[in-house]
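Shown next: input.cif, given as mmCIF, C-alpha atoms.
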```cif
data_my_file
#
loop_
_atom_site.group_PDB
_atom_site.id
_atom_site.type_symbol
_atom_site.label_atom_id
_atom_site.label_comp_id
_atom_site.auth_asym_id
_atom_site.auth_seq_id
_atom_site.Cartn_x
_atom_site.Cartn_y
_atom_site.Cartn_z
ATOM 1 C CA MET L 188 199.384 212.516 -24.511
ATOM 2 C CA SER L 189 199.819 209.400 -22.407
ATOM 3 C CA LEU L 190 202.576 206.873 -23.016
ATOM 4 C CA GLN L 191 200.209 204.100 -21.934
ATOM 5 C CA ALA L 192 203.071 202.793 -19.806
ATOM 6 C CA ALA L 193 200.998 200.215 -17.942
ATOM 7 C CA GLU L 194 200.041 198.602 -21.244
ATOM 8 C CA PHE L 195 203.656 198.673 -22.476
ATOM 9 C CA PHE L 196 204.919 196.939 -19.333
ATOM 10 C CA ALA L 197 202.065 194.425 -19.564
ATOM 11 C CA GLU L 198 203.231 193.709 -23.132
ATOM 12 C CA LEU L 199 206.677 192.820 -21.717
ATOM 13 C CA CYS L 200 205.030 190.039 -19.649
ATOM 14 C CA LEU L 201 207.381 190.482 -16.709
ATOM 15 C CA PRO L 202 206.786 187.657 -14.224
ATOM 16 C CA PHE L 203 206.767 189.648 -10.985
ATOM 17 C CA PRO L 204 203.389 189.390 -9.244
ATOM 18 C CA ASP L 205 204.236 192.157 -6.743
ATOM 19 C CA HIS L 206 204.489 195.170 -9.069
ATOM 20 C CA THR L 207 202.868 198.468 -9.917
ATOM 21 C CA VAL L 208 203.127 201.168 -12.551
ATOM 22 C CA VAL L 209 203.250 204.726 -11.286
ATOM 23 C CA GLY L 210 203.126 207.314 -14.043
ATOM 24 C CA ASN L 211 205.547 206.021 -16.666
ATOM 25 C CA THR L 212 207.617 203.857 -14.312
ATOM 26 C CA TYR L 213 207.343 200.170 -13.435
ATOM 27 C CA PHE L 214 208.241 199.137 -9.867
ATOM 28 C CA ALA L 215 208.537 195.521 -8.706
ATOM 29 C CA VAL L 216 209.592 193.350 -5.787
ATOM 30 C CA PRO L 217 211.203 190.470 -7.698
ATOM 31 C CA MET L 218 212.073 188.455 -4.593
ATOM 32 C CA PRO L 219 210.200 188.746 -1.305
ATOM 33 C CA GLY L 220 212.287 189.022 1.824
ATOM 34 C CA ILE L 221 215.137 191.058 0.370
ATOM 35 C CA PRO L 222 215.191 194.855 0.311
ATOM 36 C CA LEU L 223 216.211 195.282 -3.348
ATOM 37 C CA ARG L 224 213.579 196.544 -5.768
ATOM 38 C CA LEU L 225 213.372 196.822 -9.546
ATOM 39 C CA ARG L 226 212.550 200.082 -11.320
ATOM 40 C CA ILE L 227 212.069 200.390 -15.083
ATOM 41 C CA GLY L 228 211.442 203.690 -16.834
ATOM 42 C CA PHE L 229 211.565 205.071 -20.347
ATOM 43 C CA THR L 230 214.719 206.849 -21.505
ATOM 44 C CA GLY L 231 214.300 210.073 -23.375
ATOM 45 C CA THR L 232 216.150 211.235 -26.455
ATOM 46 C CA ILE L 233 217.326 214.679 -27.485
ATOM 47 C CA HIS L 234 213.873 215.231 -28.985
ATOM 48 C CA ALA L 235 210.996 216.295 -26.752
ATOM 49 C CA ASP L 236 208.451 213.589 -25.873
ATOM 50 C CA THR L 237 210.473 210.923 -27.740
ATOM 51 C CA TYR L 238 211.718 207.731 -26.084
ATOM 52 C CA GLY L 239 214.598 205.540 -27.203
ATOM 53 C CA GLY L 240 214.705 202.720 -24.684
ATOM 54 C CA LEU L 241 214.297 201.614 -21.107
ATOM 55 C CA ARG L 242 216.406 202.252 -18.036
ATOM 56 C CA VAL L 243 216.380 199.275 -15.674
ATOM 57 C CA ALA L 244 217.600 199.959 -12.139
ATOM 58 C CA VAL L 245 218.051 198.020 -8.924
ATOM 59 C CA VAL L 246 217.090 200.178 -5.960
ATOM 60 C CA HIS L 247 217.715 199.733 -2.228
ATOM 61 C CA PRO L 248 215.274 201.585 0.071
ATOM 62 C CA ASP L 249 218.076 203.038 2.240
ATOM 63 C CA ARG L 250 221.006 203.315 -0.177
ATOM 64 C CA GLY L 251 219.097 204.355 -3.278
ATOM 65 C CA GLU L 252 220.041 203.173 -6.745
ATOM 66 C CA VAL L 253 222.552 200.337 -6.581
ATOM 67 C CA ASP L 254 222.962 199.636 -10.303
ATOM 68 C CA ALA L 255 221.325 200.528 -13.608
ATOM 69 C CA VAL L 256 221.504 199.700 -17.293
ATOM 70 C CA ALA L 257 220.076 201.440 -20.345
ATOM 71 C CA LEU L 258 218.422 199.173 -22.895
ATOM 72 C CA SER L 259 218.111 200.841 -26.280
ATOM 73 C CA PHE L 260 215.156 200.011 -28.509
ATOM 74 C CA VAL L 261 217.524 200.035 -31.504
ATOM 75 C CA GLU L 262 219.973 197.560 -29.934
ATOM 76 C CA HIS L 263 217.139 195.193 -29.038
ATOM 77 C CA GLY L 264 215.265 195.391 -32.344
ATOM 78 C CA THR L 265 212.107 196.693 -30.705
ATOM 79 C CA PHE L 266 211.012 198.774 -33.696
ATOM 80 C CA HIS L 267 213.032 197.076 -36.436
ATOM 81 C CA ARG L 268 210.000 195.635 -38.262
ATOM 82 C CA ARG L 269 208.056 198.874 -38.033
ATOM 83 C CA ASP L 270 210.995 200.961 -39.238
ATOM 84 C CA GLU L 271 211.727 198.575 -42.078
ATOM 85 C CA ALA L 272 208.075 198.537 -43.165
ATOM 86 C CA THR L 273 207.866 202.337 -43.147
ATOM 87 C CA ASN L 274 211.340 202.765 -44.686
ATOM 88 C CA THR L 275 212.466 204.818 -41.682
ATOM 89 C CA ARG L 276 216.188 205.443 -41.961
ATOM 90 C CA PRO L 277 218.803 205.348 -39.166
ATOM 91 C CA ASN L 278 219.830 208.720 -37.743
ATOM 92 C CA THR L 279 216.316 210.115 -38.011
ATOM 93 C CA LYS L 280 214.130 211.131 -35.088
ATOM 94 C CA GLN L 281 211.653 208.292 -35.670
ATOM 95 C CA TYR L 282 214.173 205.452 -36.095
ATOM 96 C CA GLY L 283 214.049 202.987 -33.188
ATOM 97 C CA THR L 284 211.990 205.353 -31.032
ATOM 98 C CA PHE L 285 208.428 206.288 -30.260
ATOM 99 C CA ASP L 286 206.883 209.541 -29.164
ATOM 100 C CA THR L 287 203.720 210.603 -27.406
ATOM 101 C CA TYR L 288 201.901 211.318 -30.675
ATOM 102 C CA HIS L 289 200.082 208.381 -32.182
ATOM 103 C CA ARG L 290 197.078 207.275 -34.177
ATOM 104 C CA PRO L 291 193.777 207.352 -32.283
ATOM 105 C CA GLY L 292 193.025 204.005 -30.683
ATOM 106 C CA GLN L 293 196.641 202.833 -30.962
ATOM 107 C CA PRO L 294 199.395 202.944 -28.330
ATOM 108 C CA PRO L 295 202.297 205.315 -29.009
ATOM 109 C CA TRP L 296 204.611 202.291 -29.160
ATOM 110 C CA GLU L 297 202.545 200.600 -31.878
ATOM 111 C CA GLY L 298 204.617 198.065 -33.812
ATOM 112 C CA ALA L 299 206.969 197.248 -30.936
ATOM 113 C CA VAL L 300 208.347 193.720 -30.726
ATOM 114 C CA THR L 301 209.446 193.318 -27.123
ATOM 115 C CA THR L 302 210.963 189.826 -27.143
ATOM 116 C CA GLU L 303 214.650 190.861 -27.171
ATOM 117 C CA LEU L 304 213.972 193.669 -24.711
ATOM 118 C CA ARG L 305 212.286 191.246 -22.321
ATOM 119 C CA ASP L 306 215.197 188.804 -22.688
ATOM 120 C CA ALA L 307 217.648 191.591 -21.803
ATOM 121 C CA ILE L 308 215.608 192.484 -18.704
ATOM 122 C CA GLU L 309 215.588 188.818 -17.721
ATOM 123 C CA GLN L 310 219.382 188.548 -18.117
ATOM 124 C CA TYR L 311 219.965 191.727 -16.104
ATOM 125 C CA THR L 312 217.608 190.820 -13.274
ATOM 126 C CA ALA L 313 219.070 187.288 -13.057
ATOM 127 C CA VAL L 314 222.270 188.877 -11.731
ATOM 128 C CA TRP L 315 220.521 190.782 -8.936
ATOM 129 C CA PHE L 316 217.560 188.479 -8.322
ATOM 130 C CA PRO L 317 218.739 184.926 -9.085
ATOM 131 C CA GLY L 318 215.834 182.559 -9.536
ATOM 132 C CA ALA L 319 213.205 185.304 -9.506
ATOM 133 C CA TRP L 320 212.024 184.522 -13.040
ATOM 134 C CA THR L 321 211.526 180.834 -12.339
ATOM 135 C CA ALA L 322 210.136 181.394 -8.837
ATOM 136 C CA SER L 323 207.554 183.913 -10.006
ATOM 137 C CA ALA L 324 206.778 182.593 -13.480
ATOM 138 C CA PRO L 325 203.190 183.547 -14.216
ATOM 139 C CA SER L 326 200.672 180.765 -14.358
ATOM 140 C CA LEU L 327 197.798 180.878 -16.769
ATOM 141 C CA PRO L 328 194.935 182.890 -15.302
ATOM 142 C CA THR L 329 191.757 181.033 -14.561
ATOM 143 C CA GLY L 330 188.490 182.788 -15.261
ATOM 144 C CA ARG L 331 185.631 182.828 -12.777
ATOM 145 C CA THR L 332 183.580 180.512 -14.946
ATOM 146 C CA ALA L 333 186.323 178.036 -15.728
ATOM 147 C CA HIS L 334 185.473 174.527 -14.661
ATOM 148 C CA THR L 335 187.299 171.301 -15.227
ATOM 149 C CA ALA L 336 185.145 169.083 -17.377
ATOM 150 C CA PRO L 337 185.519 165.338 -17.007
ATOM 151 C CA ALA L 338 187.210 163.725 -19.969
ATOM 152 C CA ALA L 339 185.100 161.603 -22.248
ATOM 153 C CA PRO L 340 185.715 157.900 -21.714
ATOM 154 C CA VAL L 341 187.988 156.324 -24.269
ATOM 155 C CA THR L 342 186.383 153.430 -26.110
ATOM 156 C CA ARG L 343 188.193 151.155 -28.492
ATOM 157 C CA SER L 344 186.589 149.949 -31.642
ATOM 158 C CA GLY L 345 187.624 147.039 -33.759
ATOM 159 C CA THR L 346 188.594 149.283 -36.714
ATOM 160 C CA ARG L 347 191.655 151.427 -37.120
ATOM 161 C CA ALA L 348 191.347 155.093 -37.839
ATOM 162 C CA ARG L 349 193.780 156.692 -40.277
#
```

For the file at hand, write its structure as structure tokens.
Amino acid sequence: MSLQAAEFFAELCLPFPDHTVVGNTYFAVPMPGIPLRLRIGFTGTIHADTYGGLRVAVVHPDRGEVDAVALSFVEHGTFHRRDEATNTRPNTKQYGTFDTYHRPGQPPWEGAVTTELRDAIEQYTAVWFPGAWTASAPSLPTGRTAHTAPAAPVTRSGTRAR
């Protein structure tokens, strides 16, 4: 079954406009004009088709991988709420992980809270791509039918409103 990786990386709300997801891996150009790239993939566990975190790597096109860090789902509380709600105990296959088997209509990573994971990615990329998060912060998308409506004129009345 599919990991639905594109949806997972969209859930992270990474601010890099120049990115793509190929298979289960996210690739981005955090800063234009420099050769370094960002690659994020899922890390496996000792259990087949089970994933326990993300591996974030900085890649140079000629020199290959320059640096990498593993970000565990357990260490970043990604599935803490889900595991607590289902009474999943540490040191079990399901604790702090997800696998490719899931309920129909739901992503395999259902219940993930990605805030701390996203913060860790931001801290890591700030070392290699300083200013990339502020320079490429996503703006709110504007729909095709969005129009700016003129504001209603403000009129003052003699009474006070409470």

I need the output of the PyMOL selection byres ((chain L and resi 189-194) around 9) for this file as number ranges by chain; which residues are they?
L: 188, 195-199, 207-213, 228-229, 286-288, 294-296

Take the PyMOL selection byres ((chain L and resi 200) around 12), apply it to the structure above, and return the hits as a PyMOL selection string.
chain L and resi 193-199+201-204+206+301-302+304-306+308-309+320+323-326

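Closest approach to Gly240 in chain L among L:Asn278, L:Phe214, L:Glu271, L:Phe285: L:Phe285, based on all atoms listed in the file.
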
From the set L:Gly318, L:Arg269, L:Thr312, L:Val300, which residue has the shortest atom-to-atom contact distance to Ala244 in chain L, counting only C-alpha atoms?
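Distance minimum relative to Ala244 in chain L lands on L:Thr312.
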
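Computed from the coordinates, the CA of Asp205 in chain L to CA of Pro217 in chain L distance equals 7.2 Å.
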
Who sits within 12 Å of Gly251 in chain L, only C-alpha atoms, same chain under 6 positions skipped, as a PDB file with C-alpha atoms, keeping the file's coordinate frame:
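Writing done, so here's selection.pdb:
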```
ATOM      1  CA  PRO L 222     215.191 194.855   0.311  1.00  0.00           C
ATOM      2  CA  LEU L 223     216.211 195.282  -3.348  1.00  0.00           C
ATOM      3  CA  ARG L 224     213.579 196.544  -5.768  1.00  0.00           C
ATOM      4  CA  LEU L 225     213.372 196.822  -9.546  1.00  0.00           C
ATOM      5  CA  ARG L 226     212.550 200.082 -11.320  1.00  0.00           C
ATOM      6  CA  ALA L 244     217.600 199.959 -12.139  1.00  0.00           C
ATOM      7  CA  VAL L 245     218.051 198.020  -8.924  1.00  0.00           C
TER       8      VAL L 245
END
```

For the atom pair CA of His267 in chain L and CA of Thr284 in chain L, what is the interatomic distance in Å to one decimal place?
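Rounded to one decimal, the two atoms are 9.9 Å apart.
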
Produce the centre coordinates and the three edge lengths, each in Å to one decimal, of the box along x, y and z that contains all listed atoms of range 276-295 of chain L with 6 Å added on each side, as JSON.
```
{"center_x": 206.4, "center_y": 207.1, "center_z": -34.7, "size_x": 38.8, "size_y": 20.5, "size_z": 26.6}
```

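Computed from the coordinates, the CA of Thr321 in chain L to CA of Ile227 in chain L distance equals 19.8 Å.
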
I'd like the contact shell of Arg268 in chain L - 12 Å cut-off, all atoms listed in the file, skipping same-chain residues fewer than 4 positions apart - returned as a ChimeraX atom specification.
/L:260-261,263-264,272-275,282-283,297-301

Of L:Pro219, L:Pro248, L:Gly239, L:Pro291, the one sitting nearest Thr265 in chain L when using all atoms listed in the file is L:Gly239
